[in-house]
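Visitor: So here's data_39.txt, just compact mmCIF, C-alpha atoms:
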```
# COMPACT_ATOMS: atom_id res chain seq x y z
CA MET A 1 -39.62 -66.75 -61.80
CA GLU A 2 -39.59 -66.81 -58.01
CA LYS A 3 -37.70 -64.26 -55.96
CA LYS A 4 -34.40 -65.49 -54.60
CA GLN A 5 -34.49 -63.06 -51.71
CA SER A 6 -36.81 -60.45 -50.26
CA LEU A 7 -36.76 -56.78 -51.20
CA SER A 8 -35.63 -56.19 -47.63
CA ASP A 9 -32.51 -58.34 -48.09
CA ALA A 10 -31.77 -56.81 -51.50
CA ALA A 11 -32.08 -53.31 -50.04
CA LYS A 12 -29.62 -54.16 -47.27
CA ILE A 13 -27.07 -55.27 -49.89
CA TYR A 14 -27.40 -52.05 -51.88
CA GLN A 15 -27.56 -49.70 -48.88
CA ARG A 16 -23.75 -49.51 -49.00
CA HIS A 17 -24.02 -47.68 -52.34
CA LEU A 18 -26.15 -44.98 -50.69
CA SER A 19 -24.08 -42.15 -49.23
CA LYS A 20 -27.07 -40.58 -47.46
CA GLY A 21 -30.64 -41.64 -46.82
CA GLN A 22 -32.61 -44.83 -46.34
CA ILE A 23 -34.45 -47.41 -48.39
CA VAL A 24 -38.00 -48.42 -47.51
CA THR A 25 -39.50 -51.46 -49.22
CA ALA A 26 -42.94 -53.02 -49.26
CA GLU A 27 -43.96 -56.38 -50.68
CA LEU A 28 -47.52 -57.61 -51.13
CA LYS A 29 -48.01 -61.35 -51.57
CA ASP A 30 -50.89 -63.69 -50.71
CA GLY A 31 -52.78 -60.72 -49.33
CA ASN A 32 -50.07 -59.94 -46.77
CA ALA A 33 -47.82 -56.89 -46.75
CA SER A 34 -44.28 -56.82 -45.36
CA TYR A 35 -42.24 -53.67 -44.85
CA SER A 36 -38.57 -52.93 -44.23
CA ILE A 37 -36.23 -50.01 -43.77
CA THR A 38 -32.45 -49.90 -44.03
CA ASN A 39 -30.07 -47.98 -41.81
CA SER A 40 -32.52 -47.37 -38.97
CA ASN A 41 -32.36 -48.00 -35.24
CA ASP A 42 -36.00 -47.08 -34.62
CA PRO A 43 -37.64 -49.84 -32.52
CA ASP A 44 -41.15 -49.04 -33.80
CA ARG A 45 -42.11 -51.80 -36.23
CA GLU A 46 -44.61 -49.54 -37.97
CA TYR A 47 -42.07 -46.79 -38.50
CA ALA A 48 -41.02 -47.86 -42.00
CA GLN A 49 -44.44 -47.90 -43.62
CA LYS A 50 -45.40 -44.49 -42.24
CA ILE A 51 -42.45 -42.46 -43.53
CA LEU A 52 -43.52 -39.97 -46.20
CA PHE A 53 -41.65 -39.69 -49.49
CA GLU A 54 -42.06 -37.61 -52.62
CA ILE A 55 -43.26 -40.16 -55.18
CA GLY A 56 -42.56 -38.02 -58.25
CA SER A 57 -44.03 -39.37 -61.47
CA VAL A 58 -45.95 -42.11 -59.68
CA SER A 59 -48.35 -39.18 -59.18
CA LYS A 60 -49.28 -39.73 -62.84
CA VAL A 61 -50.88 -43.06 -61.90
CA PHE A 62 -53.19 -41.24 -59.48
CA ASN A 63 -53.88 -38.66 -62.18
CA GLY A 64 -54.76 -41.45 -64.60
CA LEU A 65 -57.25 -42.87 -62.12
CA LEU A 66 -58.71 -39.40 -61.61
CA LEU A 67 -59.26 -39.11 -65.37
CA ALA A 68 -60.81 -42.59 -65.46
CA GLN A 69 -63.21 -41.64 -62.68
CA SER A 70 -64.19 -38.46 -64.54
CA VAL A 71 -65.09 -40.65 -67.53
CA VAL A 72 -67.12 -43.00 -65.32
CA ASP A 73 -68.85 -39.95 -63.81
CA GLY A 74 -69.81 -38.84 -67.32
CA GLN A 75 -67.91 -35.57 -66.98
CA LEU A 76 -65.34 -36.30 -69.69
CA SER A 77 -64.58 -38.71 -72.53
CA LEU A 78 -61.15 -40.00 -73.52
CA ASP A 79 -61.92 -38.77 -77.04
CA ASP A 80 -62.63 -35.20 -75.91
CA GLN A 81 -60.40 -32.58 -77.53
CA VAL A 82 -58.60 -29.85 -75.64
CA LYS A 83 -60.09 -27.00 -77.71
CA ASP A 84 -63.61 -27.99 -76.64
CA LEU A 85 -62.70 -28.20 -72.96
CA LEU A 86 -60.55 -25.07 -72.74
CA PRO A 87 -62.32 -22.72 -75.19
CA ASP A 88 -60.62 -19.60 -73.79
CA LEU A 89 -57.21 -20.77 -75.01
CA ASN A 90 -56.24 -19.47 -78.46
CA PHE A 91 -53.95 -22.08 -79.97
CA THR A 92 -51.57 -20.83 -82.66
CA ASP A 93 -51.26 -24.43 -83.81
CA SER A 94 -54.68 -25.98 -84.36
CA ARG A 95 -53.15 -29.43 -83.85
CA VAL A 96 -52.69 -28.59 -80.16
CA GLY A 97 -56.40 -27.85 -79.86
CA ARG A 98 -57.21 -31.20 -81.43
CA ILE A 99 -55.21 -33.18 -78.87
CA GLU A 100 -57.41 -35.77 -77.17
CA LEU A 101 -57.36 -36.58 -73.45
CA ARG A 102 -56.42 -40.16 -74.30
CA GLN A 103 -53.27 -38.84 -75.99
CA LEU A 104 -52.33 -36.65 -73.04
CA VAL A 105 -52.57 -39.46 -70.49
CA THR A 106 -50.56 -41.86 -72.69
CA HIS A 107 -47.81 -39.39 -73.72
CA SER A 108 -48.80 -39.50 -77.37
CA SER A 109 -50.01 -35.91 -77.81
CA GLY A 110 -46.97 -34.67 -79.72
CA LEU A 111 -46.18 -32.16 -76.96
CA PRO A 112 -42.50 -32.02 -75.94
CA ASP A 113 -41.40 -32.92 -72.44
CA PHE A 114 -40.27 -29.38 -71.63
CA PRO A 115 -41.56 -26.00 -72.87
CA ASP A 116 -39.27 -23.35 -74.27
CA ASN A 117 -40.18 -20.94 -71.45
CA PHE A 118 -39.26 -23.32 -68.63
CA MET A 119 -35.86 -21.73 -67.99
CA GLU A 120 -37.45 -18.30 -67.43
CA SER A 121 -38.74 -19.31 -64.01
CA CYS A 122 -36.42 -22.15 -63.14
CA ASP A 123 -34.52 -22.40 -59.87
CA PRO A 124 -32.30 -25.52 -59.97
CA SER A 125 -32.86 -26.10 -56.27
CA ASP A 126 -36.65 -26.12 -56.81
CA PRO A 127 -37.19 -26.39 -60.58
CA TYR A 128 -40.99 -26.59 -60.87
CA ALA A 129 -41.94 -24.22 -58.06
CA HIS A 130 -42.39 -21.10 -60.18
CA TYR A 131 -43.78 -22.55 -63.39
CA ASP A 132 -47.37 -21.37 -62.95
CA ARG A 133 -50.59 -21.65 -64.95
CA TYR A 134 -49.92 -18.35 -66.72
CA ARG A 135 -46.61 -19.63 -68.12
CA LEU A 136 -48.22 -22.95 -69.04
CA ARG A 137 -51.10 -21.25 -70.87
CA THR A 138 -48.73 -18.86 -72.67
CA TRP A 139 -46.65 -21.77 -73.91
CA LEU A 140 -49.66 -23.86 -74.95
CA GLU A 141 -51.04 -21.01 -77.03
CA ARG A 142 -47.83 -20.67 -79.06
CA VAL A 143 -46.24 -24.15 -79.12
CA GLN A 144 -45.89 -25.79 -82.54
CA LEU A 145 -46.14 -29.56 -82.86
CA LYS A 146 -43.91 -31.51 -85.23
CA GLY A 147 -45.78 -33.79 -87.59
CA GLU A 148 -49.35 -35.01 -87.55
CA ALA A 149 -51.36 -37.27 -85.27
CA PRO A 150 -51.16 -40.08 -84.39
CA PHE A 151 -47.90 -39.17 -82.68
CA GLU A 152 -45.36 -41.61 -81.37
CA PHE A 153 -44.70 -41.93 -77.65
CA GLN A 154 -42.91 -38.89 -76.21
CA TYR A 155 -42.91 -38.59 -72.45
CA SER A 156 -44.25 -35.18 -71.47
CA ASN A 157 -44.69 -33.80 -67.98
CA PHE A 158 -46.33 -30.78 -69.51
CA GLY A 159 -48.85 -32.87 -71.43
CA VAL A 160 -49.86 -34.21 -68.02
CA ALA A 161 -50.04 -30.63 -66.75
CA LEU A 162 -52.43 -29.79 -69.60
CA LEU A 163 -54.59 -32.79 -68.67
CA ALA A 164 -54.69 -31.58 -65.06
CA MET A 165 -55.76 -28.15 -66.29
CA VAL A 166 -58.67 -29.79 -68.11
CA LEU A 167 -59.67 -31.72 -64.98
CA THR A 168 -59.54 -28.68 -62.71
CA GLU A 169 -61.51 -26.56 -65.18
CA THR A 170 -64.11 -29.31 -65.58
CA TYR A 171 -64.74 -29.69 -61.85
CA GLN A 172 -63.81 -26.12 -60.84
CA LYS A 173 -61.64 -27.48 -58.04
CA SER A 174 -57.90 -27.68 -57.47
CA TRP A 175 -56.06 -30.82 -58.53
CA GLU A 176 -55.16 -31.72 -54.95
CA VAL A 177 -58.80 -31.45 -53.85
CA LEU A 178 -59.88 -33.61 -56.79
CA ILE A 179 -57.30 -36.28 -55.97
CA ARG A 180 -58.45 -36.30 -52.36
CA GLU A 181 -62.19 -36.40 -53.13
CA LYS A 182 -62.10 -38.76 -56.12
CA VAL A 183 -59.18 -41.07 -55.36
CA THR A 184 -57.45 -41.07 -51.98
CA GLN A 185 -60.48 -40.71 -49.68
CA PRO A 186 -62.54 -43.41 -51.46
CA LEU A 187 -59.55 -45.78 -51.20
CA GLY A 188 -58.75 -44.93 -47.58
CA LEU A 189 -55.35 -43.39 -48.30
CA VAL A 190 -54.68 -41.06 -45.38
CA ASP A 191 -51.07 -40.09 -46.14
CA THR A 192 -51.14 -39.33 -49.87
CA ALA A 193 -51.22 -35.60 -50.57
CA VAL A 194 -49.39 -32.63 -52.05
CA ASP A 195 -49.25 -30.50 -48.90
CA LEU A 196 -48.51 -32.12 -45.56
CA THR A 197 -49.98 -31.46 -42.15
CA ASP A 198 -47.60 -30.58 -39.32
CA GLU A 199 -47.83 -34.15 -38.06
CA GLN A 200 -47.09 -35.60 -41.50
CA ALA A 201 -44.16 -33.22 -41.95
CA GLN A 202 -42.56 -34.84 -38.89
CA ARG A 203 -42.60 -38.16 -40.78
CA PHE A 204 -41.22 -36.76 -44.04
CA ALA A 205 -37.89 -38.27 -45.13
CA PRO A 206 -35.25 -35.56 -45.70
CA PRO A 207 -34.32 -35.47 -49.41
CA TYR A 208 -30.77 -36.01 -50.63
CA LEU A 209 -28.98 -35.77 -53.96
CA GLY A 210 -25.91 -37.87 -53.37
CA GLU A 211 -24.35 -36.42 -50.22
CA MET A 212 -26.12 -33.08 -50.64
CA ARG A 213 -29.24 -32.25 -48.61
CA VAL A 214 -31.77 -30.62 -50.96
CA LYS A 215 -35.13 -28.91 -50.66
CA PRO A 216 -38.46 -30.71 -50.83
CA MET A 217 -39.92 -29.89 -54.24
CA ARG A 218 -42.81 -27.47 -54.66
CA TRP A 219 -45.26 -27.60 -57.53
CA THR A 220 -47.74 -25.28 -59.20
CA ALA A 221 -48.99 -25.88 -62.76
CA VAL A 222 -47.15 -29.19 -63.17
CA VAL A 223 -48.27 -30.73 -59.86
CA ALA A 224 -50.06 -33.69 -61.49
CA ALA A 225 -46.80 -34.82 -63.07
CA GLY A 226 -44.98 -35.34 -59.78
CA GLY A 227 -46.34 -33.45 -56.78
CA LEU A 228 -47.73 -36.18 -54.52
CA LYS A 229 -46.14 -37.50 -51.34
CA SER A 230 -47.07 -40.86 -49.90
CA THR A 231 -46.04 -43.72 -47.63
CA ALA A 232 -45.30 -47.39 -48.23
CA GLU A 233 -48.47 -48.20 -46.29
CA ASP A 234 -50.66 -46.03 -48.52
CA LEU A 235 -49.02 -47.35 -51.68
CA VAL A 236 -49.73 -50.92 -50.55
CA LYS A 237 -53.39 -49.97 -50.04
CA PHE A 238 -53.37 -48.42 -53.50
CA ALA A 239 -51.84 -51.59 -54.95
CA GLN A 240 -54.49 -53.71 -53.23
CA ALA A 241 -57.20 -51.54 -54.77
CA LEU A 242 -55.75 -51.92 -58.26
CA LEU A 243 -55.39 -55.69 -57.81
CA SER A 244 -58.92 -56.16 -56.43
CA PRO A 245 -60.96 -53.26 -57.84
CA GLU A 246 -64.27 -55.02 -57.22
CA GLN A 247 -63.67 -54.53 -53.50
CA THR A 248 -63.56 -50.73 -53.91
CA SER A 249 -65.98 -47.99 -54.89
CA LEU A 250 -63.75 -47.20 -57.90
CA ASN A 251 -64.19 -50.56 -59.62
CA GLU A 252 -65.14 -49.24 -63.07
CA ALA A 253 -62.53 -46.48 -63.01
CA ILE A 254 -59.70 -48.82 -62.01
CA LYS A 255 -60.60 -51.30 -64.74
CA LEU A 256 -60.67 -48.47 -67.27
CA MET A 257 -57.31 -47.15 -66.05
CA LEU A 258 -55.68 -50.57 -66.46
CA SER A 259 -57.18 -51.14 -69.92
CA PRO A 260 -54.49 -51.10 -72.63
CA GLN A 261 -55.09 -48.29 -75.10
CA VAL A 262 -55.51 -49.33 -78.72
CA HIS A 263 -52.87 -46.94 -80.03
CA MET A 264 -50.49 -47.53 -77.11
CA GLU A 265 -50.83 -51.15 -75.99
CA ASN A 266 -48.12 -50.92 -73.34
CA MET A 267 -50.02 -48.23 -71.44
CA GLY A 268 -53.19 -47.85 -69.49
CA LEU A 269 -54.25 -44.40 -68.30
CA GLY A 270 -51.13 -42.95 -66.69
CA ILE A 271 -49.60 -46.36 -65.98
CA PHE A 272 -47.22 -48.53 -68.00
CA SER A 273 -47.60 -52.25 -68.72
CA TYR A 274 -44.44 -54.31 -69.21
CA LYS A 275 -42.75 -57.60 -68.39
CA GLY A 276 -41.41 -57.45 -64.86
CA SER A 277 -38.35 -59.04 -63.29
CA SER A 278 -40.34 -62.21 -62.54
CA GLY A 279 -41.32 -62.57 -66.19
CA SER A 280 -44.98 -61.81 -65.52
CA GLN A 281 -46.84 -58.83 -66.93
CA VAL A 282 -46.86 -55.93 -64.49
CA TYR A 283 -48.33 -52.46 -64.30
CA GLY A 284 -46.16 -49.79 -62.84
CA HIS A 285 -44.42 -46.46 -62.84
CA VAL A 286 -41.23 -44.98 -61.46
CA GLY A 287 -40.85 -41.54 -59.96
CA GLY A 288 -38.05 -39.20 -59.06
CA THR A 289 -37.70 -35.73 -57.57
CA THR A 290 -34.54 -33.82 -56.70
CA GLY A 291 -34.09 -35.90 -53.54
CA HIS A 292 -36.43 -38.92 -53.66
CA ARG A 293 -37.08 -42.00 -55.80
CA CYS A 294 -40.11 -44.30 -55.96
CA VAL A 295 -40.95 -47.55 -57.75
CA PHE A 296 -44.53 -48.86 -57.84
CA GLU A 297 -45.32 -52.20 -59.51
CA ILE A 298 -48.27 -54.60 -59.38
CA SER A 299 -48.71 -58.02 -60.99
CA PRO A 300 -52.41 -58.83 -61.51
CA SER A 301 -51.67 -62.44 -62.49
CA GLU A 302 -49.65 -63.08 -59.32
CA LEU A 303 -51.61 -60.67 -57.08
CA THR A 304 -48.33 -59.18 -55.89
CA ALA A 305 -46.83 -55.71 -55.55
CA ASN A 306 -43.30 -54.36 -55.20
CA ILE A 307 -42.74 -50.88 -53.80
CA VAL A 308 -39.41 -49.16 -53.18
CA LEU A 309 -38.97 -45.68 -51.70
CA VAL A 310 -35.60 -43.95 -51.29
CA ASN A 311 -34.82 -40.48 -49.98
CA ASN A 312 -31.84 -40.07 -52.30
CA PHE A 313 -32.26 -39.50 -56.02
CA LEU A 314 -29.10 -41.40 -56.92
CA MET A 315 -30.48 -44.78 -55.81
CA ASP A 316 -32.77 -46.38 -58.41
CA GLY A 317 -35.26 -48.66 -56.67
CA ARG A 318 -35.67 -50.80 -59.78
CA LEU A 319 -32.21 -52.21 -59.12
CA ILE A 320 -33.36 -53.48 -55.74
CA ILE A 321 -36.24 -55.34 -57.38
CA GLU A 322 -33.81 -56.79 -59.92
CA LYS A 323 -31.46 -57.84 -57.13
CA SER A 324 -34.26 -59.69 -55.34
CA TYR A 325 -34.38 -62.00 -58.38
CA GLU A 326 -30.57 -62.17 -58.36
CA ASN A 327 -30.37 -60.44 -61.72
CA GLN A 328 -27.16 -58.54 -62.41
CA THR A 329 -27.39 -54.75 -62.14
CA ARG A 330 -24.98 -51.91 -62.78
CA TYR A 331 -23.92 -52.08 -59.12
CA ASP A 332 -22.51 -55.53 -59.89
CA GLN A 333 -20.55 -54.32 -62.93
CA GLN A 334 -16.81 -54.65 -62.37
CA GLU A 335 -14.47 -51.69 -62.71
CA HIS A 336 -11.20 -51.79 -64.63
CA HIS A 337 -8.70 -49.91 -62.49
CA LEU A 338 -6.57 -47.13 -64.02
CA ASP A 339 -3.78 -45.28 -62.25
CA ARG A 340 -4.02 -41.59 -61.45
CA LYS A 341 -1.67 -40.57 -64.26
CA LEU A 342 -3.89 -42.16 -66.89
CA LEU A 343 -7.04 -40.74 -65.32
CA SER A 344 -5.56 -37.23 -65.36
CA GLU A 345 -5.68 -37.27 -69.18
CA TYR A 346 -9.47 -36.96 -69.04
CA VAL A 347 -9.63 -33.97 -66.68
CA GLY A 348 -11.08 -30.80 -68.20
CA ARG A 349 -14.17 -28.90 -69.27
CA TYR A 350 -16.27 -30.16 -72.17
CA LYS A 351 -18.76 -27.86 -73.91
CA ILE A 352 -21.89 -29.67 -75.12
CA SER A 353 -22.15 -29.30 -78.89
CA SER A 354 -25.15 -31.52 -79.66
CA LYS A 355 -28.80 -30.56 -79.24
CA THR A 356 -30.00 -30.72 -75.64
CA PRO A 357 -33.41 -30.37 -73.97
CA ASP A 358 -34.76 -26.88 -73.32
CA TYR A 359 -33.91 -27.16 -69.63
CA ILE A 360 -30.18 -27.00 -70.48
CA GLN A 361 -28.51 -23.82 -71.69
CA ASP A 362 -24.77 -23.48 -72.33
CA GLY A 363 -24.32 -26.93 -70.85
CA GLU A 364 -20.95 -28.44 -70.20
CA PHE A 365 -19.39 -31.39 -68.41
CA ILE A 366 -16.68 -30.81 -65.83
CA VAL A 367 -14.36 -33.79 -65.32
CA GLU A 368 -12.14 -33.76 -62.22
CA LEU A 369 -9.94 -36.07 -60.22
CA LYS A 370 -10.74 -36.55 -56.55
CA GLY A 371 -8.02 -38.68 -55.09
CA SER A 372 -7.93 -41.72 -57.36
CA GLN A 373 -11.53 -41.30 -58.55
CA LEU A 374 -12.58 -39.65 -61.81
CA MET A 375 -15.69 -37.50 -61.34
CA ILE A 376 -18.05 -35.88 -63.84
CA GLN A 377 -20.70 -33.18 -63.38
CA LEU A 378 -23.20 -31.58 -65.74
CA VAL A 379 -23.61 -27.81 -65.32
CA GLY A 380 -25.91 -25.36 -67.11
CA SER A 381 -29.05 -27.37 -66.37
CA CYS A 382 -32.25 -26.21 -64.71
CA PHE A 383 -31.93 -29.27 -62.47
CA LEU A 384 -29.26 -29.98 -59.89
CA HIS A 385 -26.67 -32.50 -61.02
CA PRO A 386 -24.13 -33.71 -58.46
CA GLN A 387 -20.64 -34.92 -59.17
CA ILE A 388 -20.80 -38.62 -59.95
CA ARG A 389 -18.03 -41.14 -60.29
CA LEU A 390 -16.86 -42.50 -63.64
CA PHE A 391 -15.84 -46.16 -63.54
CA SER A 392 -13.41 -47.42 -66.16
CA ASN A 393 -14.58 -50.09 -68.56
CA SER A 394 -12.24 -52.76 -69.89
CA ASN A 395 -11.92 -50.77 -73.12
CA ARG A 396 -9.63 -47.76 -73.10
CA ASP A 397 -11.37 -44.36 -72.87
CA GLN A 398 -14.75 -45.94 -72.05
CA PHE A 399 -16.38 -45.33 -68.67
CA PHE A 400 -19.72 -45.95 -67.00
CA THR A 401 -21.57 -44.52 -64.03
CA LYS A 402 -23.60 -46.34 -61.41
CA GLU A 403 -25.55 -43.43 -59.97
CA PRO A 404 -27.39 -42.88 -62.27
CA SER A 405 -26.77 -45.26 -65.15
CA ALA A 406 -24.88 -43.67 -68.04
CA GLY A 407 -21.96 -44.24 -70.36
CA CYS A 408 -19.12 -41.87 -71.15
CA GLU A 409 -16.62 -42.38 -73.96
CA PHE A 410 -13.69 -40.04 -74.48
CA VAL A 411 -12.51 -39.39 -78.04
CA ARG A 412 -8.89 -38.81 -79.02
CA ILE A 413 -7.35 -36.97 -81.95
CA ASN A 414 -3.66 -37.67 -82.51
CA GLY A 415 -3.52 -39.39 -79.16
CA LYS A 416 -4.97 -36.48 -77.15
CA ILE A 417 -8.45 -36.27 -75.61
CA SER A 418 -10.54 -33.89 -77.73
CA SER A 419 -14.15 -34.62 -76.79
CA LEU A 420 -16.53 -36.96 -75.02
CA VAL A 421 -19.85 -38.64 -75.76
CA TYR A 422 -22.20 -39.02 -72.80
CA SER A 423 -25.07 -41.43 -73.32
CA ASP A 424 -28.25 -42.54 -71.61
CA LEU A 425 -28.28 -39.85 -68.93
CA PHE A 426 -31.29 -40.66 -66.71
CA GLN A 427 -32.40 -43.25 -69.30
CA VAL A 428 -33.47 -40.67 -71.91
CA HIS A 429 -31.69 -42.70 -74.61
CA GLU A 430 -29.78 -39.76 -76.03
CA LYS A 431 -26.12 -39.18 -76.77
CA TRP A 432 -24.63 -35.80 -75.98
CA LYS A 433 -21.37 -34.80 -77.62
CA ALA A 434 -19.12 -32.30 -75.88
CA GLN A 435 -15.88 -30.69 -77.08
CA LYS A 436 -12.98 -30.24 -74.69
CA THR A 437 -12.33 -26.55 -74.10
CA GLN A 438 -9.64 -26.70 -71.41
```
Can you dump the structure from the file as structure tokens?
Guide:
Amino acid sequence: MEKKQSLSDAAKIYQRHLSKGQIVTAELKDGNASYSITNSNDPDREYAQKILFEIGSVSKVFNGLLLAQSVVDGQLSLDDQVKDLLPDLNFTDSRVGRIELRQLVTHSSGLPDFPDNFMESCDPSDPYAHYDRYRLRTWLERVQLKGEAPFEFQYSNFGVALLAMVLTETYQKSWEVLIREKVTQPLGLVDTAVDLTDEQAQRFAPPYLGEMRVKPMRWTAVVAAGGLKSTAEDLVKFAQALLSPEQTSLNEAIKLMLSPQVHMENMGLGIFSYKGSSGSQVYGHVGGTTGHRCVFEISPSELTANIVLVNNFLMDGRLIIEKSYENQTRYDQQEHHLDRKLLSEYVGRYKISSKTPDYIQDGEFIVELKGSQLMIQLVGSCFLHPQIRLFSNSNRDQFFTKEPSAGCEFVRINGKISSLVYSDLFQVHEKWKAQKTQ
């Protein structure tokens, strides 16, 4: 399927849904790259591609290539087990020690996404900053897996952190140094790093969460899961390398990284494989931090790439790609208008009663009216959650959100609102039930 409009045009359409921040896009086609930025009066044509963004989990793609290069170098094997590479760790659960590197990089290790000691060090304004190697090692030594290998897919930032620990111990260098020496320097990426120079900091896009200015995120033990910053220009160079690996010094490693894994055919090493908006098979990853979003996609069959960078967490760049093919997105979903009196029935506090991830304690939803708009906010989380608007569906008591995508259904007993069910928050495919307390 051909695009109906450019990413640039699609971004301009959706900019109106962005309360703060800008959208930078990059498209690679026929060997040529085009860049755009919304909401900017800067006359410099090269300005857009040189703005630095936190790329979040797209860092995992770089980590996957680093692992692939370590295999090509003969330093590691995908079948290596953690217990043999980190012999000083005393695992309470022997199954943790038997985890293979292949399982870590494809999220099939059985490790949960969040450890039970994450809240001990968590600052919602900078959630990963204080989770250090000591806390990671302590958790790894006591964590208990559920079931036996082979495990099903379970996305785990901390499995990636364990893989990074293996890599740094193997080479006796920091993860950032390894990424620079093994990946970014060989590929000529000059603006992809964890820590920025003073000059790069001047080009860093200020992060927003809705209308709220937030801190740039800092990383320690979990840096490989989301700590890199990059530019549209560097990500285009990275895409070109993945599309034409034979023209790089990392040819073997890139081909290994893009190889589908036998037990997880929709994944390479740190990168997903799926059918894209055009209908062709693409490789890609999305990333998000407190105040930035990133989408990175390549299509080897079409030799194309789509890249979207936004300095506001509440704008999902995947919707811009969908819009470029004129596919309907949640921004196009029509609202059923309710008057203020009806909306006031839903106002209150709702205590979460269902099981939640370990980064939420005593969680509750606060539902308020602001003018004629019904707003909802999650509190009690180790991550910042802004107030977001609930849009009424055509069915009574059913609502949806646009930023981010979620559904909210209120439940009545004897005609009165008694609880709510919130589903698909941040696409984790879970339903959280919450009882109204006031």
Visitor: Could you tell me how far atom CA of Pro207 of chain A lies from atom CA of Val61 of chain A, in Å and to one decimal?
Guide: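 Calculated distance between atom CA of Pro207 of chain A and atom CA of Val61 of chain A is 22.1 Å.
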Visitor: Taking only C-alpha atoms into account, name the residue in A:Gly74, A:Pro150, A:Pro87, A:Gly287 that is nearest to Gly110 of chain A.
Guide: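 Distance minimum relative to Gly110 of chain A lands on A:Pro150.
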Visitor: Closest to Glu120 of chain A among A:Gln361, A:Val58, A:Leu235, A:Gly407, using only C-alpha atoms?
Guide: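 Among A:Gln361, A:Val58, A:Leu235, A:Gly407, it is A:Gln361 that comes nearest to Glu120 of chain A.
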Visitor: Please list as a PDB file with C-alpha atoms, keeping the file's coordinate frame every residue within 6 Å of segment 222-228 of chain A, counting all atoms listed in the file and excluding residues in the same chain fewer than 6 positions away.
Guide:
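Final output, result.pdb:
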```pdb
ATOM      1  CA  GLY A  56     -42.560 -38.020 -58.250  1.00  0.00           C
ATOM      2  CA  SER A  57     -44.030 -39.370 -61.470  1.00  0.00           C
ATOM      3  CA  SER A  59     -48.350 -39.180 -59.180  1.00  0.00           C
ATOM      4  CA  LYS A  60     -49.280 -39.730 -62.840  1.00  0.00           C
ATOM      5  CA  ASN A 157     -44.690 -33.800 -67.980  1.00  0.00           C
ATOM      6  CA  VAL A 160     -49.860 -34.210 -68.020  1.00  0.00           C
ATOM      7  CA  ALA A 161     -50.040 -30.630 -66.750  1.00  0.00           C
ATOM      8  CA  ALA A 193     -51.220 -35.600 -50.570  1.00  0.00           C
ATOM      9  CA  VAL A 194     -49.390 -32.630 -52.050  1.00  0.00           C
TER      10      VAL A 194
END
```
Visitor: Quick one: distance from atom CA of Gly371 of chain A to atom CA of Gly317 of chain A in Å, one decimal?
Guide: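 Here the two named atoms are 29.1 Å from each other.
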Visitor: Which residues are near Gly276 of chain A? Cut-off 10 Å, all atoms listed in the file, ignore same chain within fewer than 5 positions. Put them as a tab-separated table (two decimals) with C-alpha atoms, in the frame of the given file.
Guide:
```tsv
chain	number	residue	atom	x	y	z
A	1	MET	CA	-39.62	-66.75	-61.80
A	281	GLN	CA	-46.84	-58.83	-66.93
A	282	VAL	CA	-46.86	-55.93	-64.49
A	283	TYR	CA	-48.33	-52.46	-64.30
A	284	GLY	CA	-46.16	-49.79	-62.84
A	297	GLU	CA	-45.32	-52.20	-59.51
A	298	ILE	CA	-48.27	-54.60	-59.38
A	299	SER	CA	-48.71	-58.02	-60.99
A	321	ILE	CA	-36.24	-55.34	-57.38
A	322	GLU	CA	-33.81	-56.79	-59.92
```
Visitor: Could you please determine the separation between atom CA of Lys416 of chain A and atom CA of Thr437 of chain A in Å, to one decimal place?
Guide: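 A separation of 12.7 Å between them.
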Visitor: So, counting only C-alpha atoms, which residue among A:Pro206, A:Pro124, A:Gly147, A:Gly268 is closest to Leu78 of chain A?
Guide: A:Gly268
Visitor: Within 12 Å of Glu199 of chain A, counting only C-alpha atoms, which residues qualify if same-chain residues fewer than 4 places away don't, as a PDB file with C-alpha atoms, keeping the file's coordinate frame?
Guide:
```
ATOM      1  CA  LYS A  50     -45.400 -44.490 -42.240  1.00  0.00           C
ATOM      2  CA  ILE A  51     -42.450 -42.460 -43.530  1.00  0.00           C
ATOM      3  CA  LEU A  52     -43.520 -39.970 -46.200  1.00  0.00           C
ATOM      4  CA  ASP A 191     -51.070 -40.090 -46.140  1.00  0.00           C
ATOM      5  CA  ASP A 195     -49.250 -30.500 -48.900  1.00  0.00           C
ATOM      6  CA  ARG A 203     -42.600 -38.160 -40.780  1.00  0.00           C
ATOM      7  CA  PHE A 204     -41.220 -36.760 -44.040  1.00  0.00           C
TER       8      PHE A 204
END
```
Visitor: When distances are computed from all atoms listed in the file, which of A:Asn117, A:Gln49, A:Gln373, A:Gln5 shows the smallest separation from Pro357 of chain A?
Guide: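 Closest candidate: A:Asn117.
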